[in-house]
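Down below is the structure, laid out as structure tokens.
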Amino acid sequence: MQFETKNNPVAIESVRERALDIVANSTARIAPIDLEKRLSAEYRLKKRQIKSIIRNLVADGELVYTYEFGRTFLERSFAGPVRISEHIVLLSPGRRFSANPDDVAVKIKPGASFGAGNHPSTRLAIRGIEFALLSNQSGHNKSNAGVLDIGTGSGVLLITAVLCGMKSGLGIDIDACARVEAAENVKINDLTDRIAISGQSVEHIRQRFSVILANLRYPSLKKMLFQLNEMASADCFLIFSGIRDSEVDDLLKVYKQIHFEKIWTESELGWSGVVLRRA
């Protein structure tokens, strides 16, 4: 379908895709009026036509309205299915999804905990997990390996790692609400026999892991340097996110002290994810 304009016809699908692209790649939150203005300037459409496209994107579950500090914003919906990387798809429980043979479908129930997929740091961590566990470049043996997720939130990263082949996982979080929601998501993904959720602190963990996940800010990652070294097995991957682009070089210098080097990195909207491995 298309809109007729004074100049050239405009395909509705192209406007929809552009609207999603603007919202997904904006470094600041987008108000409906701001999106309308940008689309109007680019496509020369009438206001009612643009409003119709935005309403339909919301009705179709592609965009969602959020409300904060007296203002309404538009954000990409992660009720799913949403493809985060080549193989990994996030979706809400009960949503239909026609998976490809090599897809990993991760079910996450909407909740209060961080980790629904709507923040770049979550998406970057998931892509780091895919690189470490599913790419031929990693050479990682997952058959008898455990994964630790520090600050597990919704449990999305931990669940993704186990669904990507890790034998077992432990997710820790000091927030009681996060632990409840993470445990529910573990159950939804049928992983209760492989994943444990705990409120214990990093200081009290004595076992070693072959993958350690942490979507945390750089000061926290720096502070845990030697604790993580004690918990890391000889062939351990450290998969970090929550790092600003400007902090990556400092992070790499810090972890070089314990002989970890970068083997993968990616950035999105000013945030970076990295995968480190012992040199």
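Residue numbering restarts at 1 for every chain of the structure tokens, chains are lettered A, B, ... in their displayed order, and ligands are numbered from 1 as they appear.
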Env of segment 215-220 of chain A: 9 Å cut, atoms = only C-alpha atoms, seq-sep filter 4 positions within chain, self excluded. Answer as a list in words.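 Non-adjacent residues within range: Ser121, Thr122, Ala125, Asp149, Ile150, Gly151, Thr152, Leu157, Met224, Leu225, Ile239, Phe240, Ser241, Gly242, Ile243, Arg244, Glu247, Val248, Asp250, Leu251 and Gly273 of chain A.
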Can you write out the residues you just picked, keeping N, CA and C atoms, as a PDB file, in the first residue's frame?
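What landed in again36.pdb:
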```pdb
ATOM      1  N   SER A 121      22.616  -2.282  26.261  1.00  0.00           N
ATOM      2  CA  SER A 121      23.575  -3.122  26.980  1.00  0.00           C
ATOM      3  C   SER A 121      23.122  -4.575  27.049  1.00  0.00           C
ATOM      4  N   THR A 122      21.806  -4.801  27.157  1.00  0.00           N
ATOM      5  CA  THR A 122      21.294  -6.176  27.149  1.00  0.00           C
ATOM      6  C   THR A 122      21.515  -6.813  25.786  1.00  0.00           C
ATOM      7  N   ALA A 125      25.212  -7.669  25.258  1.00  0.00           N
ATOM      8  CA  ALA A 125      25.619  -8.849  26.016  1.00  0.00           C
ATOM      9  C   ALA A 125      25.139 -10.127  25.334  1.00  0.00           C
ATOM     10  N   ASP A 149      26.165 -15.411  36.250  1.00  0.00           N
ATOM     11  CA  ASP A 149      25.614 -14.129  35.819  1.00  0.00           C
ATOM     12  C   ASP A 149      25.516 -13.232  37.041  1.00  0.00           C
ATOM     13  N   ILE A 150      26.330 -12.181  37.070  1.00  0.00           N
ATOM     14  CA  ILE A 150      26.393 -11.276  38.218  1.00  0.00           C
ATOM     15  C   ILE A 150      25.429 -10.115  37.994  1.00  0.00           C
ATOM     16  N   GLY A 151      24.471  -9.954  38.893  1.00  0.00           N
ATOM     17  CA  GLY A 151      23.426  -8.958  38.709  1.00  0.00           C
ATOM     18  C   GLY A 151      22.461  -9.425  37.637  1.00  0.00           C
ATOM     19  N   THR A 152      21.866 -10.583  37.857  1.00  0.00           N
ATOM     20  CA  THR A 152      21.138 -11.284  36.794  1.00  0.00           C
ATOM     21  C   THR A 152      19.878 -10.574  36.320  1.00  0.00           C
ATOM     22  N   LEU A 157      20.251 -12.998  30.334  1.00  0.00           N
ATOM     23  CA  LEU A 157      21.576 -13.379  29.841  1.00  0.00           C
ATOM     24  C   LEU A 157      21.922 -14.802  30.257  1.00  0.00           C
ATOM     25  N   MET A 224      35.663  -5.528  40.756  1.00  0.00           N
ATOM     26  CA  MET A 224      35.585  -6.984  40.907  1.00  0.00           C
ATOM     27  C   MET A 224      36.725  -7.725  40.219  1.00  0.00           C
ATOM     28  N   LEU A 225      37.710  -7.002  39.722  1.00  0.00           N
ATOM     29  CA  LEU A 225      38.788  -7.592  38.921  1.00  0.00           C
ATOM     30  C   LEU A 225      39.348  -8.877  39.524  1.00  0.00           C
ATOM     31  N   ILE A 239      32.151 -11.983  29.641  1.00  0.00           N
ATOM     32  CA  ILE A 239      31.266 -11.283  28.714  1.00  0.00           C
ATOM     33  C   ILE A 239      30.663 -10.113  29.459  1.00  0.00           C
ATOM     34  N   PHE A 240      31.123  -8.897  29.109  1.00  0.00           N
ATOM     35  CA  PHE A 240      30.737  -7.685  29.818  1.00  0.00           C
ATOM     36  C   PHE A 240      29.912  -6.759  28.930  1.00  0.00           C
ATOM     37  N   SER A 241      28.993  -6.052  29.565  1.00  0.00           N
ATOM     38  CA  SER A 241      28.258  -4.985  28.903  1.00  0.00           C
ATOM     39  C   SER A 241      27.987  -3.913  29.950  1.00  0.00           C
ATOM     40  N   GLY A 242      27.213  -2.876  29.567  1.00  0.00           N
ATOM     41  CA  GLY A 242      26.988  -1.772  30.497  1.00  0.00           C
ATOM     42  C   GLY A 242      28.142  -0.790  30.521  1.00  0.00           C
ATOM     43  N   ILE A 243      29.003  -0.854  29.505  1.00  0.00           N
ATOM     44  CA  ILE A 243      30.202  -0.025  29.428  1.00  0.00           C
ATOM     45  C   ILE A 243      29.982   1.071  28.395  1.00  0.00           C
ATOM     46  N   ARG A 244      30.313   2.280  28.729  1.00  0.00           N
ATOM     47  CA  ARG A 244      30.276   3.359  27.764  1.00  0.00           C
ATOM     48  C   ARG A 244      31.440   3.205  26.775  1.00  0.00           C
ATOM     49  N   GLU A 247      34.816   4.117  27.868  1.00  0.00           N
ATOM     50  CA  GLU A 247      35.410   3.367  28.985  1.00  0.00           C
ATOM     51  C   GLU A 247      36.083   2.070  28.552  1.00  0.00           C
ATOM     52  N   VAL A 248      35.910   1.681  27.290  1.00  0.00           N
ATOM     53  CA  VAL A 248      36.382   0.369  26.839  1.00  0.00           C
ATOM     54  C   VAL A 248      37.893   0.241  26.967  1.00  0.00           C
ATOM     55  N   ASP A 250      40.010   1.711  28.924  1.00  0.00           N
ATOM     56  CA  ASP A 250      40.416   1.588  30.326  1.00  0.00           C
ATOM     57  C   ASP A 250      40.079   0.204  30.867  1.00  0.00           C
ATOM     58  N   LEU A 251      38.916  -0.325  30.505  1.00  0.00           N
ATOM     59  CA  LEU A 251      38.533  -1.670  30.941  1.00  0.00           C
ATOM     60  C   LEU A 251      39.544  -2.703  30.447  1.00  0.00           C
ATOM     61  N   GLY A 273      29.792  -3.639  24.364  1.00  0.00           N
ATOM     62  CA  GLY A 273      29.890  -4.967  24.950  1.00  0.00           C
ATOM     63  C   GLY A 273      31.227  -5.557  24.532  1.00  0.00           C
TER      64      GLY A 273
END
```
With a cut-off of 7 Å, could you pull out the residues of segment 97-215 of chain A touching segment 69-81 of chain A and give me the nearest pair of atoms for each, distance in Å to one decimal, using only C-alpha atoms, ordered by chain and ascending number, as a tab-separated table?
```
residue	atom	partner	partner_atom	distance
A:Phe97	CA	A:Pro81	CA	6.6
A:Ala116	CA	A:Phe78	CA	6.8
A:Gly117	CA	A:Phe78	CA	6.4
A:Asn118	CA	A:Phe78	CA	6.3
```
Keeping only N, CA and C atoms, write the selected residues as a short mmCIF file (atom, residue, chain, number, x, y, z; two decimals), in the first residue's frame.
```
data_model
loop_
_atom_site.label_atom_id
_atom_site.label_comp_id
_atom_site.auth_asym_id
_atom_site.auth_seq_id
_atom_site.Cartn_x
_atom_site.Cartn_y
_atom_site.Cartn_z
N PHE A 97 6.01 -18.03 17.38
CA PHE A 97 7.26 -17.73 16.70
C PHE A 97 7.66 -18.91 15.83
N ALA A 116 14.92 -6.71 29.67
CA ALA A 116 13.85 -7.12 28.76
C ALA A 116 14.30 -7.09 27.31
N GLY A 117 15.48 -6.47 27.07
CA GLY A 117 15.99 -6.36 25.72
C GLY A 117 15.87 -4.98 25.14
N ASN A 118 15.18 -4.07 25.86
CA ASN A 118 14.98 -2.73 25.32
C ASN A 118 16.17 -1.80 25.55
#
```
Neighbouring residues of segment 167-176 of chain A were defined as those with any atom within 12 Å, considering only C-alpha atoms; residues of the same chain fewer than 6 positions away were excluded. Please report them as a PDB file with N, CA and C atoms, in the first residue's frame.
```
ATOM      1  N   ALA A 112       9.458  -5.935  36.326  1.00  0.00           N
ATOM      2  CA  ALA A 112      10.119  -4.722  36.804  1.00  0.00           C
ATOM      3  C   ALA A 112      11.630  -4.793  36.687  1.00  0.00           C
ATOM      4  N   SER A 113      12.185  -5.987  36.551  1.00  0.00           N
ATOM      5  CA  SER A 113      13.635  -6.152  36.556  1.00  0.00           C
ATOM      6  C   SER A 113      14.260  -5.746  35.231  1.00  0.00           C
ATOM      7  N   PHE A 114      15.520  -5.316  35.306  1.00  0.00           N
ATOM      8  CA  PHE A 114      16.254  -4.924  34.110  1.00  0.00           C
ATOM      9  C   PHE A 114      16.573  -6.161  33.272  1.00  0.00           C
ATOM     10  N   LEU A 133      29.647 -18.498  22.370  1.00  0.00           N
ATOM     11  CA  LEU A 133      29.126 -19.858  22.499  1.00  0.00           C
ATOM     12  C   LEU A 133      28.643 -20.488  21.196  1.00  0.00           C
ATOM     13  N   ASN A 141      34.358 -25.341  24.680  1.00  0.00           N
ATOM     14  CA  ASN A 141      33.735 -26.616  25.021  1.00  0.00           C
ATOM     15  C   ASN A 141      32.674 -26.381  26.088  1.00  0.00           C
ATOM     16  N   LYS A 142      31.403 -26.559  25.727  1.00  0.00           N
ATOM     17  CA  LYS A 142      30.295 -26.245  26.640  1.00  0.00           C
ATOM     18  C   LYS A 142      29.754 -27.468  27.356  1.00  0.00           C
ATOM     19  N   SER A 143      30.251 -28.648  27.032  1.00  0.00           N
ATOM     20  CA  SER A 143      29.611 -29.887  27.474  1.00  0.00           C
ATOM     21  C   SER A 143      29.586 -30.051  28.993  1.00  0.00           C
ATOM     22  N   ASN A 144      30.581 -29.503  29.696  1.00  0.00           N
ATOM     23  CA  ASN A 144      30.623 -29.683  31.147  1.00  0.00           C
ATOM     24  C   ASN A 144      30.924 -28.350  31.819  1.00  0.00           C
ATOM     25  N   ALA A 145      30.352 -27.268  31.259  1.00  0.00           N
ATOM     26  CA  ALA A 145      30.745 -25.928  31.674  1.00  0.00           C
ATOM     27  C   ALA A 145      29.625 -25.217  32.408  1.00  0.00           C
ATOM     28  N   GLY A 146      30.026 -24.378  33.382  1.00  0.00           N
ATOM     29  CA  GLY A 146      29.065 -23.594  34.141  1.00  0.00           C
ATOM     30  C   GLY A 146      29.220 -22.114  33.845  1.00  0.00           C
ATOM     31  N   VAL A 147      28.109 -21.374  33.998  1.00  0.00           N
ATOM     32  CA  VAL A 147      28.103 -19.939  33.725  1.00  0.00           C
ATOM     33  C   VAL A 147      27.592 -19.199  34.948  1.00  0.00           C
ATOM     34  N   LEU A 148      28.218 -18.072  35.265  1.00  0.00           N
ATOM     35  CA  LEU A 148      27.813 -17.207  36.370  1.00  0.00           C
ATOM     36  C   LEU A 148      27.317 -15.887  35.789  1.00  0.00           C
ATOM     37  N   ASP A 149      26.165 -15.411  36.250  1.00  0.00           N
ATOM     38  CA  ASP A 149      25.614 -14.129  35.819  1.00  0.00           C
ATOM     39  C   ASP A 149      25.516 -13.232  37.041  1.00  0.00           C
ATOM     40  N   ILE A 150      26.330 -12.181  37.070  1.00  0.00           N
ATOM     41  CA  ILE A 150      26.393 -11.276  38.218  1.00  0.00           C
ATOM     42  C   ILE A 150      25.429 -10.115  37.994  1.00  0.00           C
ATOM     43  N   GLY A 151      24.471  -9.954  38.893  1.00  0.00           N
ATOM     44  CA  GLY A 151      23.426  -8.958  38.709  1.00  0.00           C
ATOM     45  C   GLY A 151      22.461  -9.425  37.637  1.00  0.00           C
ATOM     46  N   THR A 152      21.866 -10.583  37.857  1.00  0.00           N
ATOM     47  CA  THR A 152      21.138 -11.284  36.794  1.00  0.00           C
ATOM     48  C   THR A 152      19.878 -10.574  36.320  1.00  0.00           C
ATOM     49  N   GLY A 153      19.266  -9.725  37.171  1.00  0.00           N
ATOM     50  CA  GLY A 153      18.056  -9.015  36.736  1.00  0.00           C
ATOM     51  C   GLY A 153      16.954  -9.987  36.345  1.00  0.00           C
ATOM     52  N   SER A 154      16.467  -9.867  35.125  1.00  0.00           N
ATOM     53  CA  SER A 154      15.410 -10.756  34.634  1.00  0.00           C
ATOM     54  C   SER A 154      15.899 -12.172  34.373  1.00  0.00           C
ATOM     55  N   GLY A 155      17.222 -12.366  34.382  1.00  0.00           N
ATOM     56  CA  GLY A 155      17.795 -13.674  34.067  1.00  0.00           C
ATOM     57  C   GLY A 155      18.018 -13.906  32.590  1.00  0.00           C
ATOM     58  N   VAL A 156      17.767 -12.898  31.763  1.00  0.00           N
ATOM     59  CA  VAL A 156      17.799 -13.088  30.308  1.00  0.00           C
ATOM     60  C   VAL A 156      19.165 -13.546  29.798  1.00  0.00           C
ATOM     61  N   LEU A 157      20.251 -12.998  30.334  1.00  0.00           N
ATOM     62  CA  LEU A 157      21.576 -13.379  29.841  1.00  0.00           C
ATOM     63  C   LEU A 157      21.922 -14.802  30.257  1.00  0.00           C
ATOM     64  N   LEU A 158      21.639 -15.128  31.491  1.00  0.00           N
ATOM     65  CA  LEU A 158      21.912 -16.468  32.006  1.00  0.00           C
ATOM     66  C   LEU A 158      21.120 -17.517  31.232  1.00  0.00           C
ATOM     67  N   ILE A 159      19.846 -17.255  31.028  1.00  0.00           N
ATOM     68  CA  ILE A 159      18.987 -18.183  30.287  1.00  0.00           C
ATOM     69  C   ILE A 159      19.488 -18.340  28.857  1.00  0.00           C
ATOM     70  N   THR A 160      19.877 -17.228  28.237  1.00  0.00           N
ATOM     71  CA  THR A 160      20.410 -17.291  26.872  1.00  0.00           C
ATOM     72  C   THR A 160      21.645 -18.170  26.806  1.00  0.00           C
ATOM     73  N   ALA A 161      22.563 -18.000  27.759  1.00  0.00           N
ATOM     74  CA  ALA A 161      23.804 -18.782  27.753  1.00  0.00           C
ATOM     75  C   ALA A 161      23.531 -20.275  27.891  1.00  0.00           C
ATOM     76  N   ALA A 182      13.529 -13.531  37.871  1.00  0.00           N
ATOM     77  CA  ALA A 182      14.484 -14.388  37.172  1.00  0.00           C
ATOM     78  C   ALA A 182      14.108 -15.858  37.337  1.00  0.00           C
ATOM     79  N   ALA A 183      13.735 -16.257  38.549  1.00  0.00           N
ATOM     80  CA  ALA A 183      13.337 -17.642  38.793  1.00  0.00           C
ATOM     81  C   ALA A 183      12.109 -18.011  37.965  1.00  0.00           C
ATOM     82  N   ASN A 185      11.296 -16.680  35.043  1.00  0.00           N
ATOM     83  CA  ASN A 185      11.738 -16.811  33.654  1.00  0.00           C
ATOM     84  C   ASN A 185      12.510 -18.107  33.422  1.00  0.00           C
ATOM     85  N   VAL A 186      13.259 -18.533  34.421  1.00  0.00           N
ATOM     86  CA  VAL A 186      13.951 -19.831  34.332  1.00  0.00           C
ATOM     87  C   VAL A 186      12.924 -20.954  34.182  1.00  0.00           C
ATOM     88  N   LEU A 191      14.141 -24.584  32.559  1.00  0.00           N
ATOM     89  CA  LEU A 191      15.559 -24.736  32.904  1.00  0.00           C
ATOM     90  C   LEU A 191      15.792 -24.823  34.416  1.00  0.00           C
ATOM     91  N   THR A 192      14.759 -25.166  35.181  1.00  0.00           N
ATOM     92  CA  THR A 192      14.900 -25.201  36.632  1.00  0.00           C
ATOM     93  C   THR A 192      15.901 -26.257  37.104  1.00  0.00           C
ATOM     94  N   ASP A 193      16.129 -27.277  36.287  1.00  0.00           N
ATOM     95  CA  ASP A 193      17.092 -28.311  36.672  1.00  0.00           C
ATOM     96  C   ASP A 193      18.522 -27.942  36.294  1.00  0.00           C
ATOM     97  N   ARG A 194      18.703 -26.796  35.618  1.00  0.00           N
ATOM     98  CA  ARG A 194      20.044 -26.404  35.162  1.00  0.00           C
ATOM     99  C   ARG A 194      20.474 -25.030  35.663  1.00  0.00           C
ATOM    100  N   ILE A 195      19.530 -24.238  36.159  1.00  0.00           N
ATOM    101  CA  ILE A 195      19.850 -22.874  36.590  1.00  0.00           C
ATOM    102  C   ILE A 195      19.368 -22.645  38.016  1.00  0.00           C
ATOM    103  N   ALA A 196      20.237 -22.033  38.823  1.00  0.00           N
ATOM    104  CA  ALA A 196      19.894 -21.639  40.187  1.00  0.00           C
ATOM    105  C   ALA A 196      19.968 -20.118  40.290  1.00  0.00           C
ATOM    106  N   ILE A 197      19.041 -19.519  41.029  1.00  0.00           N
ATOM    107  CA  ILE A 197      19.035 -18.081  41.282  1.00  0.00           C
ATOM    108  C   ILE A 197      19.272 -17.860  42.770  1.00  0.00           C
ATOM    109  N   SER A 198      20.202 -16.966  43.100  1.00  0.00           N
ATOM    110  CA  SER A 198      20.613 -16.810  44.494  1.00  0.00           C
ATOM    111  C   SER A 198      20.822 -15.336  44.839  1.00  0.00           C
ATOM    112  N   GLY A 199      20.730 -15.047  46.133  1.00  0.00           N
ATOM    113  CA  GLY A 199      21.005 -13.707  46.626  1.00  0.00           C
ATOM    114  C   GLY A 199      22.397 -13.563  47.201  1.00  0.00           C
ATOM    115  N   GLN A 200      23.220 -14.595  47.067  1.00  0.00           N
ATOM    116  CA  GLN A 200      24.562 -14.527  47.639  1.00  0.00           C
ATOM    117  C   GLN A 200      25.417 -13.494  46.907  1.00  0.00           C
ATOM    118  N   SER A 201      26.412 -12.971  47.593  1.00  0.00           N
ATOM    119  CA  SER A 201      27.293 -11.967  47.009  1.00  0.00           C
ATOM    120  C   SER A 201      28.469 -12.641  46.309  1.00  0.00           C
ATOM    121  N   VAL A 202      29.130 -11.877  45.457  1.00  0.00           N
ATOM    122  CA  VAL A 202      30.295 -12.393  44.733  1.00  0.00           C
ATOM    123  C   VAL A 202      31.359 -12.901  45.711  1.00  0.00           C
ATOM    124  N   GLU A 203      31.515 -12.216  46.823  1.00  0.00           N
ATOM    125  CA  GLU A 203      32.558 -12.562  47.799  1.00  0.00           C
ATOM    126  C   GLU A 203      32.399 -13.975  48.367  1.00  0.00           C
ATOM    127  N   HIS A 204      31.179 -14.522  48.344  1.00  0.00           N
ATOM    128  CA  HIS A 204      30.935 -15.824  48.964  1.00  0.00           C
ATOM    129  C   HIS A 204      30.903 -16.980  47.965  1.00  0.00           C
ATOM    130  N   ILE A 205      31.193 -16.705  46.706  1.00  0.00           N
ATOM    131  CA  ILE A 205      31.202 -17.766  45.695  1.00  0.00           C
ATOM    132  C   ILE A 205      32.596 -18.374  45.617  1.00  0.00           C
ATOM    133  N   GLN A 207      33.215 -21.472  43.687  1.00  0.00           N
ATOM    134  CA  GLN A 207      33.429 -22.329  42.528  1.00  0.00           C
ATOM    135  C   GLN A 207      33.969 -21.533  41.346  1.00  0.00           C
ATOM    136  N   ARG A 208      34.425 -22.272  40.333  1.00  0.00           N
ATOM    137  CA  ARG A 208      34.955 -21.650  39.125  1.00  0.00           C
ATOM    138  C   ARG A 208      33.975 -21.848  37.964  1.00  0.00           C
ATOM    139  N   PHE A 209      34.014 -20.914  37.024  1.00  0.00           N
ATOM    140  CA  PHE A 209      33.095 -20.920  35.891  1.00  0.00           C
ATOM    141  C   PHE A 209      33.867 -20.729  34.592  1.00  0.00           C
ATOM    142  N   SER A 210      33.318 -21.292  33.518  1.00  0.00           N
ATOM    143  CA  SER A 210      33.967 -21.113  32.217  1.00  0.00           C
ATOM    144  C   SER A 210      33.380 -19.942  31.435  1.00  0.00           C
ATOM    145  N   VAL A 211      32.263 -19.390  31.919  1.00  0.00           N
ATOM    146  CA  VAL A 211      31.711 -18.146  31.371  1.00  0.00           C
ATOM    147  C   VAL A 211      31.215 -17.305  32.542  1.00  0.00           C
ATOM    148  N   ILE A 212      31.606 -16.032  32.568  1.00  0.00           N
ATOM    149  CA  ILE A 212      31.098 -15.099  33.572  1.00  0.00           C
ATOM    150  C   ILE A 212      30.468 -13.924  32.839  1.00  0.00           C
ATOM    151  N   LEU A 213      29.197 -13.665  33.160  1.00  0.00           N
ATOM    152  CA  LEU A 213      28.433 -12.588  32.532  1.00  0.00           C
ATOM    153  C   LEU A 213      28.257 -11.448  33.533  1.00  0.00           C
ATOM    154  N   ALA A 214      28.369 -10.219  33.062  1.00  0.00           N
ATOM    155  CA  ALA A 214      28.121  -9.069  33.938  1.00  0.00           C
ATOM    156  C   ALA A 214      27.722  -7.871  33.087  1.00  0.00           C
ATOM    157  N   ASN A 215      26.462  -7.487  33.191  1.00  0.00           N
ATOM    158  CA  ASN A 215      25.975  -6.268  32.550  1.00  0.00           C
ATOM    159  C   ASN A 215      25.938  -5.206  33.641  1.00  0.00           C
ATOM    160  N   LEU A 216      27.117  -4.626  33.902  1.00  0.00           N
ATOM    161  CA  LEU A 216      27.304  -3.689  34.998  1.00  0.00           C
ATOM    162  C   LEU A 216      28.121  -2.497  34.504  1.00  0.00           C
TER     163      LEU A 216
END
```
Run DSSP on the backbone and grab whatever in segment 28-226 of chain A lands in alpha helix (DSSP H); send it over as a PDB file with C-alpha atoms, in the first residue's frame.
```
ATOM      1  CA  PRO A  32       5.384  11.041  19.418  1.00  0.00           C
ATOM      2  CA  ILE A  33       5.406  14.653  18.213  1.00  0.00           C
ATOM      3  CA  ASP A  34       9.154  14.457  17.494  1.00  0.00           C
ATOM      4  CA  LEU A  35       8.706  11.292  15.444  1.00  0.00           C
ATOM      5  CA  GLU A  36       5.828  12.898  13.548  1.00  0.00           C
ATOM      6  CA  LYS A  37       7.970  15.941  12.693  1.00  0.00           C
ATOM      7  CA  ARG A  38      10.894  13.833  11.445  1.00  0.00           C
ATOM      8  CA  LEU A  39       8.705  11.643   9.261  1.00  0.00           C
ATOM      9  CA  SER A  40       6.833  14.663   7.935  1.00  0.00           C
ATOM     10  CA  ALA A  41      10.082  16.365   6.959  1.00  0.00           C
ATOM     11  CA  GLU A  42      11.401  13.256   5.208  1.00  0.00           C
ATOM     12  CA  TYR A  43       8.271  12.080   3.387  1.00  0.00           C
ATOM     13  CA  LYS A  47      -0.144  14.808   9.715  1.00  0.00           C
ATOM     14  CA  ARG A  48      -3.093  12.401   9.805  1.00  0.00           C
ATOM     15  CA  GLN A  49      -1.214   9.938   7.564  1.00  0.00           C
ATOM     16  CA  ILE A  50       1.811   9.888   9.862  1.00  0.00           C
ATOM     17  CA  LYS A  51      -0.366   9.580  12.967  1.00  0.00           C
ATOM     18  CA  SER A  52      -2.102   6.606  11.342  1.00  0.00           C
ATOM     19  CA  ILE A  53       1.229   4.857  10.727  1.00  0.00           C
ATOM     20  CA  ILE A  54       2.346   5.394  14.324  1.00  0.00           C
ATOM     21  CA  ARG A  55      -0.990   4.154  15.708  1.00  0.00           C
ATOM     22  CA  ASN A  56      -0.733   1.023  13.572  1.00  0.00           C
ATOM     23  CA  LEU A  57       2.853   0.366  14.714  1.00  0.00           C
ATOM     24  CA  VAL A  58       1.623   0.492  18.313  1.00  0.00           C
ATOM     25  CA  ALA A  59      -1.409  -1.698  17.522  1.00  0.00           C
ATOM     26  CA  PRO A 120      21.446  -1.576  24.223  1.00  0.00           C
ATOM     27  CA  SER A 121      23.575  -3.122  26.980  1.00  0.00           C
ATOM     28  CA  THR A 122      21.294  -6.176  27.149  1.00  0.00           C
ATOM     29  CA  ARG A 123      21.365  -6.620  23.382  1.00  0.00           C
ATOM     30  CA  LEU A 124      25.155  -6.243  23.280  1.00  0.00           C
ATOM     31  CA  ALA A 125      25.619  -8.849  26.016  1.00  0.00           C
ATOM     32  CA  ILE A 126      23.387 -11.268  24.105  1.00  0.00           C
ATOM     33  CA  ARG A 127      25.449 -10.751  20.956  1.00  0.00           C
ATOM     34  CA  GLY A 128      28.598 -11.369  22.991  1.00  0.00           C
ATOM     35  CA  ILE A 129      27.104 -14.632  24.258  1.00  0.00           C
ATOM     36  CA  GLU A 130      26.331 -15.655  20.688  1.00  0.00           C
ATOM     37  CA  PHE A 131      29.906 -14.936  19.633  1.00  0.00           C
ATOM     38  CA  ALA A 132      31.413 -16.831  22.564  1.00  0.00           C
ATOM     39  CA  LEU A 133      29.126 -19.858  22.499  1.00  0.00           C
ATOM     40  CA  LEU A 134      27.778 -20.255  18.970  1.00  0.00           C
ATOM     41  CA  VAL A 156      17.799 -13.088  30.308  1.00  0.00           C
ATOM     42  CA  LEU A 157      21.576 -13.379  29.841  1.00  0.00           C
ATOM     43  CA  LEU A 158      21.912 -16.468  32.006  1.00  0.00           C
ATOM     44  CA  ILE A 159      18.987 -18.183  30.287  1.00  0.00           C
ATOM     45  CA  THR A 160      20.410 -17.291  26.872  1.00  0.00           C
ATOM     46  CA  ALA A 161      23.804 -18.782  27.753  1.00  0.00           C
ATOM     47  CA  VAL A 162      22.290 -22.061  28.969  1.00  0.00           C
ATOM     48  CA  LEU A 163      19.995 -22.315  25.944  1.00  0.00           C
ATOM     49  CA  ALA A 176      14.647  -9.721  45.841  1.00  0.00           C
ATOM     50  CA  CYS A 177      12.225  -8.694  43.077  1.00  0.00           C
ATOM     51  CA  ALA A 178      14.825  -9.529  40.430  1.00  0.00           C
ATOM     52  CA  ARG A 179      15.404 -12.951  41.967  1.00  0.00           C
ATOM     53  CA  VAL A 180      11.684 -13.744  41.912  1.00  0.00           C
ATOM     54  CA  GLU A 181      11.304 -12.631  38.293  1.00  0.00           C
ATOM     55  CA  ALA A 182      14.484 -14.388  37.172  1.00  0.00           C
ATOM     56  CA  ALA A 183      13.337 -17.642  38.793  1.00  0.00           C
ATOM     57  CA  GLU A 184       9.981 -17.320  37.002  1.00  0.00           C
ATOM     58  CA  ASN A 185      11.738 -16.811  33.654  1.00  0.00           C
ATOM     59  CA  VAL A 186      13.951 -19.831  34.332  1.00  0.00           C
ATOM     60  CA  LYS A 187      10.803 -21.887  34.908  1.00  0.00           C
ATOM     61  CA  ILE A 188       9.137 -20.533  31.757  1.00  0.00           C
ATOM     62  CA  TYR A 218      32.632   0.066  34.476  1.00  0.00           C
ATOM     63  CA  PRO A 219      33.436   1.048  38.121  1.00  0.00           C
ATOM     64  CA  SER A 220      31.799  -2.190  39.327  1.00  0.00           C
ATOM     65  CA  LEU A 221      33.644  -4.285  36.737  1.00  0.00           C
ATOM     66  CA  LYS A 222      36.931  -2.672  37.751  1.00  0.00           C
ATOM     67  CA  LYS A 223      36.250  -3.261  41.446  1.00  0.00           C
ATOM     68  CA  LEU A 225      38.788  -7.592  38.921  1.00  0.00           C
ATOM     69  CA  PHE A 226      40.549  -9.977  41.293  1.00  0.00           C
TER      70      PHE A 226
END
```
Can you tell me, as a PyMOL selection string, which residues in segment 21-243 of chain A count as strand (DSSP E or B) by DSSP? chain A and resi 30+63-68+71-76+82-83+88-91+104-107+146-150+168-172+195-198+209-215+232-243
Can you work out which one of A:Lys262, A:Lys107, A:Arg29, A:Arg278 has the shortest atom-to-atom distance to Asp249 of chain A, counting only C-alpha atoms?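 Distance minimum relative to Asp249 of chain A lands on A:Lys262.
When only C-alpha atoms are used to compute distances to Val104 of chain A, the closest of the residues A:Ser246, A:His119, A:Gly165, A:Glu266 turns out to be A:Gly165.
We find atom CA of Asp21 of chain A and atom CA of Asn100 of chain A to be spaced 24.2 Å apart.
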